[in-house]
Every structure is written in C-alpha cells, then in structure tokens.
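> structure-v3.csv is the file, holding CSV, C-alpha atoms:
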```
chain,number,residue,atom,x,y,z
A,40,MET,CA,-2.3,-49.2,70.5
A,41,SER,CA,0.5,-48.6,67.9
A,42,ALA,CA,3.4,-46.4,68.8
A,43,VAL,CA,2.7,-44.1,65.8
A,44,PRO,CA,0.1,-44.5,63.0
A,45,HIS,CA,1.1,-45.8,59.6
A,46,ALA,CA,0.0,-42.5,58.1
A,47,THR,CA,2.8,-40.7,59.8
A,48,PRO,CA,6.0,-40.5,57.7
A,49,LEU,CA,9.0,-41.9,59.4
A,50,ARG,CA,12.6,-42.2,58.3
A,51,ARG,CA,12.3,-45.8,59.3
A,52,ALA,CA,9.2,-47.6,60.6
A,53,PRO,CA,9.7,-49.7,63.8
A,54,VAL,CA,9.7,-53.4,63.1
A,55,GLN,CA,10.7,-55.0,66.4
A,56,ARG,CA,8.9,-54.5,69.7
A,57,ARG,CA,12.0,-52.9,71.2
A,58,SER,CA,12.1,-50.3,68.4
A,59,ALA,CA,8.4,-49.5,68.7
A,60,GLU,CA,8.8,-49.0,72.5
A,61,ARG,CA,11.8,-46.7,71.9
A,62,LEU,CA,9.7,-44.7,69.4
A,63,THR,CA,6.9,-44.4,72.0
A,64,ARG,CA,9.4,-43.1,74.6
A,65,ILE,CA,10.7,-40.5,72.1
A,66,LEU,CA,7.2,-39.2,71.4
A,67,ASP,CA,6.3,-39.2,75.1
A,68,ALA,CA,9.5,-37.2,75.9
A,69,CYS,CA,8.7,-34.8,73.1
A,70,ALA,CA,5.2,-34.2,74.6
A,71,ASP,CA,6.5,-33.7,78.1
A,72,LEU,CA,9.1,-31.2,76.9
A,73,LEU,CA,6.6,-29.3,74.9
A,74,ASP,CA,4.8,-28.5,78.1
A,75,GLU,CA,7.9,-27.6,79.9
A,76,VAL,CA,9.9,-25.5,77.4
A,77,GLY,CA,7.6,-24.9,74.4
A,78,TYR,CA,8.3,-25.6,70.8
A,79,ASP,CA,10.9,-23.0,70.1
A,80,ALA,CA,13.2,-24.4,72.9
A,81,LEU,CA,12.5,-28.0,72.0
A,82,SER,CA,15.5,-29.9,70.6
A,83,THR,CA,16.1,-33.4,69.4
A,84,ARG,CA,19.0,-33.7,71.9
A,85,ALA,CA,16.8,-32.8,74.8
A,86,VAL,CA,14.2,-35.3,73.7
A,87,ALA,CA,16.9,-38.0,73.5
A,88,LEU,CA,18.1,-37.2,77.0
A,89,ARG,CA,14.6,-37.3,78.4
A,90,ALA,CA,13.7,-40.5,76.6
A,91,ASP,CA,17.0,-42.0,77.7
A,92,VAL,CA,18.0,-43.1,74.2
A,93,PRO,CA,21.0,-42.3,72.0
A,94,ILE,CA,20.5,-39.2,69.8
A,95,GLY,CA,21.0,-41.5,66.8
A,96,SER,CA,17.7,-43.3,67.8
A,97,VAL,CA,15.8,-40.0,67.4
A,98,TYR,CA,17.4,-39.4,64.0
A,99,ARG,CA,16.6,-42.9,63.0
A,100,PHE,CA,12.9,-42.0,63.0
A,101,PHE,CA,12.9,-38.2,62.5
A,102,GLY,CA,15.0,-35.7,60.5
A,103,ASN,CA,14.2,-32.8,62.8
A,104,LYS,CA,11.9,-31.7,65.6
A,105,ARG,CA,9.3,-30.5,63.2
A,106,GLN,CA,8.8,-34.1,61.9
A,107,MET,CA,8.8,-35.4,65.5
A,108,ALA,CA,6.1,-32.9,66.5
A,109,ASP,CA,4.0,-33.8,63.4
A,110,ALA,CA,4.3,-37.5,64.4
A,111,LEU,CA,3.1,-36.5,67.9
A,112,ALA,CA,0.1,-34.7,66.4
A,113,GLN,CA,-0.8,-37.7,64.3
A,114,ARG,CA,-0.6,-39.9,67.4
A,115,ASN,CA,-2.9,-37.5,69.2
A,116,LEU,CA,-5.4,-37.9,66.4
A,117,GLU,CA,-5.2,-41.7,66.6
A,118,ARG,CA,-5.6,-41.7,70.3
A,119,TYR,CA,-8.5,-39.2,70.1
A,120,ALA,CA,-10.2,-41.4,67.5
A,121,GLU,CA,-9.8,-44.4,69.8
A,122,ARG,CA,-11.4,-42.5,72.7
A,123,VAL,CA,-14.3,-41.4,70.7
A,124,THR,CA,-14.9,-44.9,69.3
A,125,GLU,CA,-14.9,-46.3,72.8
A,126,ARG,CA,-17.5,-43.7,73.9
A,127,LEU,CA,-19.7,-44.4,70.9
A,128,THR,CA,-19.5,-48.1,71.6
A,129,GLU,CA,-20.7,-47.5,75.2
A,130,ALA,CA,-23.5,-45.2,74.0
A,131,ALA,CA,-24.8,-47.8,71.5
A,132,ASP,CA,-27.4,-46.0,69.3
A,133,GLY,CA,-27.7,-42.8,71.2
A,134,GLY,CA,-28.0,-40.6,68.1
A,135,TRP,CA,-26.0,-37.6,67.0
A,136,ARG,CA,-26.4,-35.7,70.3
A,137,ASP,CA,-24.5,-38.5,72.1
A,138,ALA,CA,-22.0,-38.5,69.3
A,139,LEU,CA,-21.5,-34.7,69.6
A,140,ASP,CA,-20.9,-35.1,73.4
A,141,ALA,CA,-18.4,-37.8,72.8
A,142,VAL,CA,-16.5,-35.8,70.2
A,143,LEU,CA,-16.4,-32.6,72.3
A,144,ASP,CA,-15.9,-34.2,75.7
A,145,GLU,CA,-13.0,-36.4,74.6
A,146,TYR,CA,-11.3,-33.4,72.9
A,147,LEU,CA,-11.7,-31.3,76.0
A,148,ALA,CA,-10.3,-34.2,78.2
A,149,MET,CA,-7.2,-34.4,76.0
A,150,LYS,CA,-6.8,-30.7,75.9
A,151,ARG,CA,-6.7,-30.7,79.7
A,152,THR,CA,-4.6,-33.8,80.4
A,153,ALA,CA,-2.6,-35.0,77.4
A,154,PRO,CA,1.1,-33.9,77.6
A,155,GLY,CA,2.0,-31.5,74.8
A,156,PHE,CA,-1.6,-31.3,73.5
A,157,SER,CA,-2.1,-27.7,74.3
A,158,LEU,CA,0.7,-26.8,71.8
A,159,ILE,CA,0.3,-29.5,69.2
A,160,ASP,CA,-3.1,-31.0,69.4
A,161,PHE,CA,-3.7,-32.4,65.9
A,162,GLY,CA,-1.1,-30.1,64.3
A,163,ASN,CA,-2.8,-26.8,64.0
A,164,GLN,CA,-1.0,-24.9,66.8
A,165,ILE,CA,2.4,-24.7,65.2
A,166,PRO,CA,3.5,-25.1,61.6
A,167,VAL,CA,4.3,-28.8,61.5
A,168,GLY,CA,4.3,-31.3,58.7
A,169,ASP,CA,2.8,-31.0,55.2
A,170,ARG,CA,0.6,-27.9,55.3
A,171,ARG,CA,-1.3,-29.1,52.2
A,172,SER,CA,-3.0,-31.5,54.7
A,173,VAL,CA,-4.9,-29.0,56.9
A,174,PRO,CA,-5.3,-30.5,60.4
A,175,ASN,CA,-9.0,-29.6,60.8
A,176,HIS,CA,-9.8,-31.2,57.4
A,177,ARG,CA,-8.0,-34.3,58.6
A,178,VAL,CA,-9.9,-34.3,61.8
A,179,ALA,CA,-13.2,-33.8,60.0
A,180,GLU,CA,-12.5,-36.6,57.6
A,181,ARG,CA,-11.6,-38.9,60.5
A,182,LEU,CA,-14.8,-38.1,62.3
A,183,THR,CA,-16.8,-38.6,59.1
A,184,GLU,CA,-15.4,-42.1,58.9
A,185,LEU,CA,-16.1,-42.8,62.6
A,186,LEU,CA,-19.6,-41.3,62.8
A,187,SER,CA,-21.2,-42.1,59.5
A,188,GLY,CA,-22.0,-45.7,60.4
A,189,TYR,CA,-23.1,-44.7,63.9
A,190,LEU,CA,-25.5,-42.1,62.5
A,191,GLY,CA,-26.7,-44.4,59.7
A,192,ARG,CA,-25.5,-41.9,57.1
A,193,ARG,CA,-23.6,-42.3,53.9
A,194,PRO,CA,-20.2,-40.6,54.2
A,195,ASP,CA,-20.8,-38.3,51.2
A,196,ASP,CA,-19.6,-34.8,50.4
A,197,ASP,CA,-22.6,-33.3,52.3
A,198,LEU,CA,-21.7,-35.1,55.5
A,199,ARG,CA,-18.0,-34.2,55.1
A,200,ARG,CA,-18.9,-30.5,54.7
A,201,VAL,CA,-21.2,-30.6,57.8
A,202,PHE,CA,-18.5,-32.1,60.0
A,203,LEU,CA,-15.8,-29.8,58.6
A,204,VAL,CA,-18.0,-26.8,59.5
A,205,ALA,CA,-18.6,-28.3,63.0
A,206,VAL,CA,-14.9,-29.0,63.6
A,207,GLU,CA,-13.8,-25.5,62.5
A,208,THR,CA,-16.5,-24.0,64.7
A,209,ALA,CA,-15.7,-26.1,67.7
A,210,ASP,CA,-11.9,-25.5,67.3
A,211,THR,CA,-12.4,-21.7,67.3
A,212,LEU,CA,-14.6,-21.7,70.3
A,213,VAL,CA,-12.6,-24.2,72.3
A,214,GLN,CA,-9.5,-22.1,71.7
A,215,LEU,CA,-11.3,-19.1,72.9
A,216,ALA,CA,-12.4,-20.9,76.1
A,217,PHE,CA,-8.8,-21.9,76.9
A,218,ARG,CA,-7.6,-18.3,76.3
A,219,VAL,CA,-10.1,-17.1,78.8
A,220,ALA,CA,-9.4,-19.7,81.4
A,221,PRO,CA,-6.4,-22.2,81.8
A,222,ASP,CA,-8.7,-25.2,82.0
A,223,GLY,CA,-11.3,-23.8,79.5
A,224,ASP,CA,-14.1,-21.5,80.5
A,225,ASP,CA,-17.1,-23.7,81.1
A,226,ARG,CA,-19.6,-21.1,80.0
A,227,ILE,CA,-18.0,-20.6,76.6
A,228,ILE,CA,-17.7,-24.4,76.2
A,229,GLU,CA,-21.5,-24.8,76.9
A,230,GLU,CA,-22.2,-22.0,74.5
A,231,ALA,CA,-20.1,-23.9,71.9
A,232,ARG,CA,-22.0,-27.1,72.6
A,233,GLU,CA,-25.4,-25.3,72.2
A,234,LEU,CA,-24.3,-23.7,69.0
A,235,LEU,CA,-23.1,-27.1,67.6
A,236,ARG,CA,-26.4,-28.7,68.7
A,237,ALA,CA,-28.4,-26.1,66.9
A,238,TYR,CA,-26.4,-26.4,63.7
A,239,LEU,CA,-26.2,-30.2,63.6
A,240,GLY,CA,-29.9,-30.4,64.6
A,241,ARG,CA,-30.8,-28.5,61.5
A,242,VAL,CA,-28.7,-30.7,59.3
A,243,LEU,CA,-29.0,-34.2,61.0
A,244,ASP,CA,-32.5,-34.3,62.5
```
Can you give me the file's structure in the form of structure tokens?


Amino acid sequence: MSAVPHATPLRRAPVQRRSAERLTRILDACADLLDEVGYDALSTRAVALRADVPIGSVYRFFGNKRQMADALAQRNLERYAERVTERLTEAADGGWRDALDAVLDEYLAMKRTAPGFSLIDFGNQIPVGDRRSVPNHRVAERLTELLSGYLGRRPDDDLRRVFLVAVETADTLVQLAFRVAPDGDDRIIEEARELLRAYLGRVLD
C-alpha cells in the first residue's frame, strides 16, 4: 500500500523508502491527533512531535494542516477502495446486493475503527482541499470504477448517477446513525441498507 495516493498533491512526493515511511508516520500522527484534539486544535508542530520527525519534514510534504488533512482523506479513500475490492474478490460473482454490503460494511468498519476517520472520512467533514472536487462525487466515481466490471455494467453516465444518489443517501443516513449513537445506531443503519436495496433493486435488477 502506498503511503499516499498519487492523486494527492504534495509539495514533494516521496522517492526513497525512508521518505515514504516518514510520510506515513506523519499521516498516522495526524489521524491520531484528530481523534484526541479535533481539527481546530491540530497543528503541524504537534503532528511533527507525535510522528517523531523534524517540523521541516512536515513542511516538506505539506504547506499547512489543511493540506495534510486532505492527504489523509485521500489516503482513507484509497484504503477504503482496497477493502471493498478485497471483499468483492472474496464474494466472486455475488451480484449487486453483495456489492452493496461490501461498500456499506467497509465504510462502517472504517467509521468505527480508523483513526481520524470520524472527522475527516473522505474529506466531507471539514473544509479541506479543493472544494471543486466534492468528496461524495469522488467516492461515487471511485465506486463506479470498482463496481462496473463486477456488475457487468458499462461505467456510463447513468451508472455514475445511480451511484452518486446511493452515496449521498448512504452518507446522510450513516451520519444520522452516528449522531444517534457513538458506534452508529444499528436500526438506522439497517433502515439505510433496506432503502438502498430498494433503490438499487429498481435500477440494477
């Protein structure tokens, strides 16, 4: 797994393994501190101290904490895509219902366990990065790429619209579930799953 995806803008991309490992430590420290102190209290100096790297190493990759948080959001998306892909590989040709379960279950797992994810997830919790690239659009596009072949569908505008609607719906309902209960209200999550099944069944069956 790469330390940070190529799509994420960095001041300087890591070339050597040591540099890549340092970048990973920086992003890991950023994620841990987000859980501990929140975004407003986050600082590049605190990240450097937690990662045990010189402050210059942080500024080598990022100009400020906003860029660092955006890189963490992009790394979250890459890790999420890897987890979904692994689930789909195990499911073989299970159809869109298995794909839905993989997409939703892996998101919930990251929401509950991944450091910093509750604040950053894929970038939609705080104003990070280029807002012309709306995070849910980015997630929907990535899922279209991942699922089109699995579902035997051409990744056309219709499929992109379907997944965008599904992602926006799931995002709203999952956020509600986690406002109601710290680990996500199971009843609301199941309602969300049934709603998504009904919508996708109308479109994909």

> If we count only C-alpha atoms, what is near Glu184 (chain A) at a cut-off of 12 Å, once residues fewer than 3 positions away on the same chain are taken out, given as a list in words?

Ala120, Val123, Thr124, Arg177, Val178, Ala179, Glu180, Arg181, Ser187, Gly188, Tyr189, Leu190, Gly191, Arg192, Arg193, Pro194, Asp195, Asp196, Leu198, Arg199 and Phe202 of chain A

> May I have a table of the residues of region 104-188 of chain A lying at most 7 Å from region 203-225 of chain A, giving each one's closest pair of atoms and their distance in Å to one decimal, counting all atoms listed in the file, ordered by chain and ascending residue number, as CSV?


```
residue,atom,partner,partner_atom,distance
A:Arg151,CA,A:Asp222,CA,6.3
A:Asn175,CA,A:Glu207,CA,6.5
A:His176,CA,A:Leu203,CA,6.3
A:Ala179,CA,A:Leu203,CA,5.0
```

> Rounded to one decimal place, report the CA of Arg89 (chain A)-CA of Arg64 (chain A) distance in Å.

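About the pair CA of Arg89 (chain A) and CA of Arg64 (chain A): they are 8.7 Å apart.
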
> Quick one: distance from CA of Tyr119 (chain A) to CA of Ala237 (chain A) in Å, one decimal?

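These two atoms are separated by 24.0 Å.
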
> Which value, in Å to one decimal, gives the distance between CA of Leu72 (chain A) and CA of Leu158 (chain A)?

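Computing the Euclidean distance for CA of Leu72 (chain A) and CA of Leu158 (chain A) yields 10.8 Å.
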
> Need the shell around Ala85 (chain A): protein/DNA/RNA residues with any atom at most 12 Å away, counting only C-alpha atoms. Skip same-chain ones fewer than 5 positions apart. Format as a count of residues only?

18
